[in-house]
Structure formats: structure tokens, C-alpha cells
Amino acid sequence: MTSAVDLEFRHVSKSYGATPVVDDLSLKVPAGKICVLVGPSGCGKTTSLKLVNRLVEPTSGQILIGDRDVTSQDSIQLRRGIGYVIQQVGLLPHLTVADNVAVVPRLLGWERGRIRERTEELIALVGLDATRHRDRYPAQLSGGERQRVGVARALAADPPLMLMDEPFGAVDPIVRERLQNELLRLQEQLAKTIVFVTHDIDEAIKMGDLVAVMRVGGVLAQFGPPAEILANPASDFVARFVGADRGLKRLSLRRVADVEWQEVVTAHPGDDAASARALLRDSDFPFLLLVDEQDRPIGWLDRAQIPETGALDAQRAVPESPLLERRTTLKDALSQMLGADVMAGIVVDENGRTQGIVTVDQIAAALREAPKSAEPARA
Amino acid sequence: MREDDPLIEWEWIIDNSDQIFARLVQHVGLTLIAVVAGLLISLVLALLVYRRRRLYGPISGVAATLYTIPSIALFAVLTPITGFGSIVTAEIALVSYTLLILLRNIVAGLASVPDDVREAAEALGYSSWQLLVKVELPLALPLIIAGVRIATVTTVGLVNVAAVIGQGGLGQLILSGLRSFFATPTYVGAFLSLALALAFDVLLVQVQQLLTPWAAARRPRALSAVPQSPVQP
């Protein structure tokens, strides 16, 4: 695998006529980290991204990938070595999923067998089914599937650097949450250097190892780890941008994996009701979770719904709790629980197997805890 | 034409089937040459326009002017230069009439490529030539083929007019029928000309479906939650 590279902006400016779009931007993204550029529209975040692969040329300053200035390289070769994902995905509508993923390897002249192998591998990597999706056209995919193909395409030639411009902007919140988690999971394996543009501060906090808050006119307002930005906004602008609910936003820094999951009494449909009641009697949580053969949650049974004798009936189970993943932020978890009007979410692993539950009370407790991780590490 | 003549003399058709077939082949040939030559010229012009937008006005202006000249007049003007009955005379006129339709459709097709697709392709590292050949032209194909369909059907009709300079294919059957007050060749020529236009059109629809399978691809019904029409019968 190609190892990741450092990316550095050195006093980069871009203006159209007298209007500055990016103003003296300097920042450094260490190899293997995700840097999120976030700000209101017109803050130059997308332009900054396009400066990296030279879709836009800087007015002054330097951008270094590794230790090479991007302007010293042929722009077409440069682009083939950088993964790029945009909001509307930009899949080529006349190519199938497999052909879209194979675009850069073909441009690079890989041989046929290697391209096919790599394509299959990537389609599976982003969570699609190669046999089912390979020959579909983009118009036949859902929004989330298209985004996945976009990510697979960007990864095709294993570039050390990825640019992502609002990659999850066009999908609904639930799908977005899942795609974010998947990207974080991929990043754990791939460790690419990623520059990620969004206007959504919650997404920035969740995705970024480093967050660059930009303001209109292309000025960098603050650059640092998300915890520091939440704890010590450098200016009124940043404070207003991250919002008055900074405390609540701090929940975006913590994951379901960071709290201790509570155990939950589970049973399978058809199990003996009397012994289920007995199990529940010893539990703090007054509900029984019915799960299927693979331990995937079916729904809750209230103590009162469990008959004295006979078997447990899946028909009576109430399936309202949101399913949480290890990487789900506590903020997303809380909002999903409030949205579903329930007191707990069910933690599941990659295969959907029940791992435990997280309750609203636990999240409230996390909120009250002093934000240890968020305490300033002032330089 | 006398009142008691039958509308169509089947015997004449059988006796002259060789000639009818030859005319049909000639008609197809004249049409194909005109459309293919027109398409090639229009492609070159469209690419010129694509590189230099300022040229679109003048080039489409010339094509539009050519299009408005009555075909009979154009044949008459060209005859002293390129000769009566020469295929060149016929084709110059026929090709001229295809240019406007084809040029406009190619340019519209290229313009229909979404900007985000173009930008994504650029960002992936397509050179400008690869972008044109592998992305823009393929995506322009539905509109280009739509133009070819119109141009072809129009040309099939116009070839008949070229009969006045002795190059008409089926038009010569029509003309000879009119000249000899014997209706059968006229009917045969007109009918075959119409059938030929329809056949070309159907064929081109097939070609389009073959070349642009993606254009027909839509999301499976189960995934599209919104009904096509708010008014259900």
C-alpha cells in the first residue's frame, strides 16, 4: 500500500480580480490524518481543496504534497495520484459501477486482470456486493450506494492523499451517519491523508483529527484538534460558528465505544416465557430484548407483555430502539434516541449482532463529566 | 390518368421490380452518403465551436442560411458548376441540409454534459482529449443520434427532389409517373420512400439503445418512492 504523505499549505492565496477567496492560508496536515475544512458558504473551503489537485491555480503561495510543490508537476499526472470525491459524486453516468471504479487504473494503463481484481476488491471494501452492483449504472443506484462507489473510485489507484468535498452532503442523515462510520472504519485500515470539506460543524468534529475553521474571504479562523476548538474557540466567530451548544457538541467527540455498555437480557422467539420472566426479575432494565438466530435485535418485550407460561412471541416485540455502532458519536446516539422517543439504543457490531445497550442516562452522565479530553492543550 | 385505370398496376410492379430495386438501393446510397458526410463535417465544426465558442454564431449562421435555400433552387444553382445528373451536385445539396440539424444537436449534446461530471472527470486525471472522446461525446450521444434521426428522415425526403437533376433514387419513379400520367410508379416511389424513412428511424432507435444502454437505465421501481404522475387514472 502506498504510504500516506504530509500535505502543507504555505501562505496560499487565491483571488479572482480584487476578491480574495483564499487568504494567506497556511496549515499542515500530517500523514495519515483527516483534516476537515469547515465554514459557512463563501469561506473558500472548496476552493482550498481544488487548489490541491490544481482544478484551481493559486494566485500565490505553495502547496506541498510530501515535499513536492504541486505546481511543479504535470497537472494530469498529479490528479491521477490524488483521490477525489465530490458531493454530487460525479460518477460518469455512461459507465457501470465497475467501469467507474476502474477509471484511474485504466488511465494509468494497468493491465486488465489487475484492474478487474482491484475493482472487485474495492466494491466489496466499501460495502457493496460485487456480483449485484458491478454492472449497474449510476442511475440505478441509491444515493448512499453512489457515494460508496465514489469512495471506491477515489481509492482505486491507492492514492496517498484523498480530497473529499462534502462527500455525504446529498444523502439523508441516517445514511450519512452510516457512511461516516464506514469511512472512519476504512481510515483505520488505510490511514490516508484526507482533506475533507463540510459546512456541518458536527460532521467536522466527528470526522476530523484536525479541524480548520474558515470564515468568509478565505481566512483561517482556527486550526487544531476538534476538542481544542470546542473548548477554546479562538474568536467570537469560531465560538458562534461552533454554536452556543458547545457543551452538547462535545458529545460529538465521544463515541459509543467510549462508554461502558450495559448488559441486556436477551432471548430468542420461542423460548420459555417463565424462565425469561425469571431472568428479567434480576435485571435493572425492565425490558427483554428478543434477538434472532444471529443475535440481531428483533424488538423489546415489556415485562407485562411476557406471558406467565408458554413461549415468547416475536409478534409482540416493539422494534423502536435505534441501532448504534461503535463509531456512532454520543451526539448522534442521543439524537436518534430522542427521535425514536426511547430511553436506550442497542449497540451492534459490523454484522448486526447485539453487543449491549447505551441509555440516555449514560449519555447525560457523559455530558456532565468534565471534558477531560477536551481540556486545552495550549501550545 | 384515366378515370377507369386501377390505382396501382401490380403487373407493372412485377415487370419493373429490378428497376424499382435499383432505385431503392440508389436512394439508400444517396441518403447514407449525405448523412455520413454531414455527420463528419458537423463533428469537425462542432469541435471547432467547442474549442472556440465565438465561432458558434457565424458557423451556425452559415448552416442556417444553407438550410433555408429551397432545394430545387440549390440544385439549379449547382448544376452549372458541378454538372447535371452528377452525384456531386446532389450530395452537396443534401449534405448542406443536414449540417444545421446535426451541428446544433452535437453542440447541444456536448453542452448537456453536467458540469459536475466534467469536473469530476478532470479531477480523476482525464486529459482534455480523453475527456472529449471518453466522456463528453459518449454522454452527448443521445442528442447526437436524435439529430441523426431527424437528418436522415429529412434526407430520405429530399433525395426525391434530386430527381429533377436525374439523381433521385425513388424520386425518379415518382417523377416518371407524374410525367407519363401513369400513377403506379409515383405511388410505388412515394410508398417506398416513406417506408425507407420509417425503417431508418426504427433502425436508429435501435442503434441508440445499443450505444447508450445507460440512458435507459433507471433505478428499479422498488427504490423510487415517488409515483411518476400525481394523478392516478
# chains A, B, ... in the order shown; residues from 1 in each chain; ligands from 1

call {"tool": "residues_around", "arguments": {"residues": "A:Thr359", "least_positions_apart": "6", "cutoff": "9 Å", "atoms": "only C-alpha atoms", "output": "PDB file with C-alpha atoms, in the first residue's frame"}}
result
ATOM      1  CA  TRP A 261     -22.314  -0.673  27.541  1.00  0.00           C
ATOM      2  CA  GLN A 262     -24.973  -2.062  29.804  1.00  0.00           C
ATOM      3  CA  LEU A 334     -28.699  10.776  21.744  1.00  0.00           C
ATOM      4  CA  MET A 337     -32.890   8.007  20.859  1.00  0.00           C
ATOM      5  CA  VAL A 342     -36.895   5.705  23.648  1.00  0.00           C
ATOM      6  CA  MET A 343     -34.527   5.539  26.596  1.00  0.00           C
ATOM      7  CA  ALA A 344     -31.887   3.247  25.113  1.00  0.00           C
ATOM      8  CA  GLY A 345     -30.100   2.359  21.892  1.00  0.00           C
ATOM      9  CA  ILE A 346     -28.863  -1.104  21.026  1.00  0.00           C
TER      10      ILE A 346
END

call {"tool": "residues_around", "arguments": {"residues": "stretch 78-81 of chain B", "least_positions_apart": "4", "cutoff": "12 Å", "atoms": "only C-alpha atoms", "output": "NGL selection string"}}
result
:B and (71-74 or 85-94 or 162 or 164-167)

call {"tool": "write_last_selection", "arguments": {"atoms": "N, CA and C atoms", "output": "compact mmCIF listing (two decimals), in the first residue's frame"}}
result
# COMPACT_ATOMS: atom_id res chain seq x y z
N SER B 71 -34.60 23.63 -51.94
CA SER B 71 -33.72 22.61 -52.50
C SER B 71 -33.69 22.66 -54.02
N ILE B 72 -34.83 22.90 -54.64
CA ILE B 72 -34.86 22.95 -56.10
C ILE B 72 -33.93 24.06 -56.61
N ALA B 73 -33.97 25.20 -55.91
CA ALA B 73 -33.12 26.31 -56.31
C ALA B 73 -31.66 25.95 -56.17
N LEU B 74 -31.33 25.24 -55.08
CA LEU B 74 -29.92 24.88 -54.85
C LEU B 74 -29.42 23.94 -55.95
N GLY B 85 -27.01 15.92 -63.29
CA GLY B 85 -27.04 14.48 -63.11
C GLY B 85 -25.83 13.93 -62.37
N SER B 86 -24.92 14.80 -61.90
CA SER B 86 -23.77 14.25 -61.19
C SER B 86 -24.13 14.03 -59.73
N ILE B 87 -23.54 13.00 -59.16
CA ILE B 87 -23.83 12.68 -57.77
C ILE B 87 -23.30 13.78 -56.85
N VAL B 88 -22.24 14.45 -57.31
CA VAL B 88 -21.65 15.53 -56.51
C VAL B 88 -22.67 16.66 -56.31
N THR B 89 -23.35 17.02 -57.40
CA THR B 89 -24.35 18.07 -57.32
C THR B 89 -25.40 17.71 -56.27
N ALA B 90 -25.89 16.47 -56.36
CA ALA B 90 -26.92 16.03 -55.43
C ALA B 90 -26.41 16.05 -53.99
N GLU B 91 -25.21 15.51 -53.80
CA GLU B 91 -24.72 15.38 -52.43
C GLU B 91 -24.37 16.73 -51.80
N ILE B 92 -23.85 17.65 -52.57
CA ILE B 92 -23.53 18.96 -51.98
C ILE B 92 -24.80 19.54 -51.36
N ALA B 93 -25.88 19.45 -52.12
CA ALA B 93 -27.14 20.00 -51.61
C ALA B 93 -27.63 19.19 -50.41
N LEU B 94 -27.61 17.86 -50.54
CA LEU B 94 -28.15 17.03 -49.45
C LEU B 94 -27.35 17.19 -48.17
N ALA B 162 -34.04 15.47 -55.68
CA ALA B 162 -32.87 15.42 -56.56
C ALA B 162 -33.19 14.72 -57.88
N VAL B 164 -35.02 15.85 -60.04
CA VAL B 164 -35.07 16.90 -61.08
C VAL B 164 -33.71 17.04 -61.76
N ILE B 165 -32.63 16.63 -61.10
CA ILE B 165 -31.35 16.66 -61.80
C ILE B 165 -30.88 15.24 -62.12
N GLY B 166 -31.84 14.28 -62.12
CA GLY B 166 -31.52 12.93 -62.55
C GLY B 166 -30.78 12.10 -61.52
N GLN B 167 -30.88 12.46 -60.23
CA GLN B 167 -30.18 11.71 -59.19
C GLN B 167 -31.12 11.34 -58.05

call {"tool": "closest_residue", "arguments": {"among": "A:Ile34, A:Val216, A:Ala221, A:Ile306", "to": "A:Thr19", "atoms": "only C-alpha atoms"}}
result
A:Val216

call {"tool": "closest_residue", "arguments": {"among": "A:Thr309, A:Ser335, A:Gln294, A:Ser26", "to": "A:Ser321", "atoms": "only C-alpha atoms"}}
result
A:Ser335

call {"tool": "closest_residue", "arguments": {"among": "A:Ile123, A:Ala170, A:Ala154, A:Met207", "to": "B:Gly125", "atoms": "only C-alpha atoms"}}
result
A:Ala154

call {"tool": "closest_atom_pairs", "arguments": {"of": "stretch 35-142 of chain B", "to": "stretch 148-158 of chain B", "cutoff": "9 Å", "atoms": "only C-alpha atoms", "output": "CSV"}}
result
residue,atom,partner,partner_atom,distance
B:Val35,CA,B:Thr152,CA,6.3
B:Gly38,CA,B:Ala151,CA,8.9
B:Leu39,CA,B:Val148,CA,7.7
B:Ser71,CA,B:Leu158,CA,7.7
B:Leu94,CA,B:Thr155,CA,6.6
B:Val95,CA,B:Thr155,CA,8.5
B:Tyr97,CA,B:Thr155,CA,7.8
B:Thr98,CA,B:Ala151,CA,5.3
B:Leu99,CA,B:Ala151,CA,8.4
B:Ile101,CA,B:Ala151,CA,6.4
B:Leu102,CA,B:Val148,CA,6.4
B:Asn105,CA,B:Val148,CA,8.6

call {"tool": "closest_atom_pairs", "arguments": {"of": "chain A", "to": "chain B", "cutoff": "8 Å", "atoms": "only C-alpha atoms", "output": "CSV"}}
result
residue,atom,partner,partner_atom,distance
A:Asn53,CA,B:Ala123,CA,7.1
A:Leu55,CA,B:Ala123,CA,6.9
A:Ser75,CA,B:Gly125,CA,7.9
A:Ile76,CA,B:Gly125,CA,4.8
A:Gln77,CA,B:Gly125,CA,6.6
A:Leu78,CA,B:Gly125,CA,7.6
A:Arg79,CA,B:Gly125,CA,4.9
A:Arg80,CA,B:Gly125,CA,4.8
A:Ile82,CA,B:Leu124,CA,7.8
A:Gly83,CA,B:Leu124,CA,7.5
A:Tyr84,CA,B:Ala123,CA,6.7
A:Val85,CA,B:Ala120,CA,8.0
A:Ile86,CA,B:Ala120,CA,7.5
A:Gln88,CA,B:Asp116,CA,7.0
A:Val89,CA,B:Ala120,CA,7.9
A:Gly90,CA,B:Val117,CA,4.6
A:Leu91,CA,B:Val117,CA,6.6
A:Leu92,CA,B:Val117,CA,6.2
A:Pro93,CA,B:Trp214,CA,6.9
A:His94,CA,B:Trp214,CA,5.3
A:Leu95,CA,B:Trp214,CA,7.3
A:Val103,CA,B:Leu124,CA,7.7
A:Val104,CA,B:Leu124,CA,6.4
A:Leu107,CA,B:Tyr126,CA,7.3
A:Tyr137,CA,B:Trp214,CA,6.1
A:Ala139,CA,B:Arg218,CA,5.3
A:Gln140,CA,B:Arg219,CA,3.7
A:Leu141,CA,B:Arg219,CA,6.1
A:Ser142,CA,B:Leu223,CA,7.5

call {"tool": "select_by_dssp", "arguments": {"residues": "stretch 211-303 of chain A", "states": "helix (DSSP H, G or I)", "output": "PyMOL selection string"}}
result
chain A and resi 226-231+236-242+246-253+256-258+273-281+303

call {"tool": "write_last_selection", "arguments": {"atoms": "C-alpha atoms", "output": "PDB file, in the first residue's frame"}}
result
ATOM      1  CA  PRO A 226     -11.731  19.373  17.434  1.00  0.00           C
ATOM      2  CA  ALA A 227     -11.621  19.121  21.229  1.00  0.00           C
ATOM      3  CA  GLU A 228      -9.493  22.233  21.446  1.00  0.00           C
ATOM      4  CA  ILE A 229     -11.739  24.173  19.086  1.00  0.00           C
ATOM      5  CA  LEU A 230     -14.765  23.307  21.198  1.00  0.00           C
ATOM      6  CA  ALA A 231     -13.007  24.084  24.480  1.00  0.00           C
ATOM      7  CA  ASP A 236     -16.145  35.206  18.601  1.00  0.00           C
ATOM      8  CA  PHE A 237     -16.583  34.000  15.062  1.00  0.00           C
ATOM      9  CA  VAL A 238     -15.436  30.495  15.911  1.00  0.00           C
ATOM     10  CA  ALA A 239     -17.498  30.488  19.103  1.00  0.00           C
ATOM     11  CA  ARG A 240     -20.589  31.495  17.165  1.00  0.00           C
ATOM     12  CA  PHE A 241     -19.852  29.037  14.403  1.00  0.00           C
ATOM     13  CA  VAL A 242     -19.455  26.067  16.693  1.00  0.00           C
ATOM     14  CA  ARG A 246     -20.652  23.694  22.552  1.00  0.00           C
ATOM     15  CA  GLY A 247     -21.158  21.509  25.595  1.00  0.00           C
ATOM     16  CA  LEU A 248     -23.623  19.390  23.699  1.00  0.00           C
ATOM     17  CA  LYS A 249     -21.334  19.320  20.685  1.00  0.00           C
ATOM     18  CA  ARG A 250     -18.630  17.869  22.870  1.00  0.00           C
ATOM     19  CA  LEU A 251     -20.735  14.725  22.701  1.00  0.00           C
ATOM     20  CA  SER A 252     -19.641  14.503  19.073  1.00  0.00           C
ATOM     21  CA  LEU A 253     -16.124  13.880  20.332  1.00  0.00           C
ATOM     22  CA  VAL A 256     -20.414   4.727  21.706  1.00  0.00           C
ATOM     23  CA  ALA A 257     -17.206   2.725  22.085  1.00  0.00           C
ATOM     24  CA  ASP A 258     -16.092   5.151  24.830  1.00  0.00           C
ATOM     25  CA  ALA A 273     -41.648 -17.415  28.870  1.00  0.00           C
ATOM     26  CA  ALA A 274     -41.398 -18.374  32.539  1.00  0.00           C
ATOM     27  CA  SER A 275     -37.601 -18.573  32.554  1.00  0.00           C
ATOM     28  CA  ALA A 276     -37.439 -15.295  30.614  1.00  0.00           C
ATOM     29  CA  ARG A 277     -39.500 -13.637  33.371  1.00  0.00           C
ATOM     30  CA  ALA A 278     -37.120 -15.048  35.920  1.00  0.00           C
ATOM     31  CA  LEU A 279     -34.107 -13.625  34.106  1.00  0.00           C
ATOM     32  CA  LEU A 280     -35.752 -10.239  33.871  1.00  0.00           C
ATOM     33  CA  ARG A 281     -36.531 -10.184  37.573  1.00  0.00           C
ATOM     34  CA  ARG A 303     -42.254  -7.317  31.495  1.00  0.00           C
TER      35      ARG A 303
END

call {"tool": "atom_distance", "arguments": {"atom1": "atom CA of B:Ala183", "atom2": "atom CA of B:Asp201"}}
result
27.3 Å

call {"tool": "residues_around", "arguments": {"residues": "A:Asp272", "least_positions_apart": "5", "cutoff": "7 Å", "atoms": "only C-alpha atoms", "output": "ChimeraX atom specification"}}
result
/A:310-312

call {"tool": "atom_distance", "arguments": {"atom1": "atom CA of A:Gln187", "atom2": "atom CA of A:Leu161"}}
result
11.8 Å
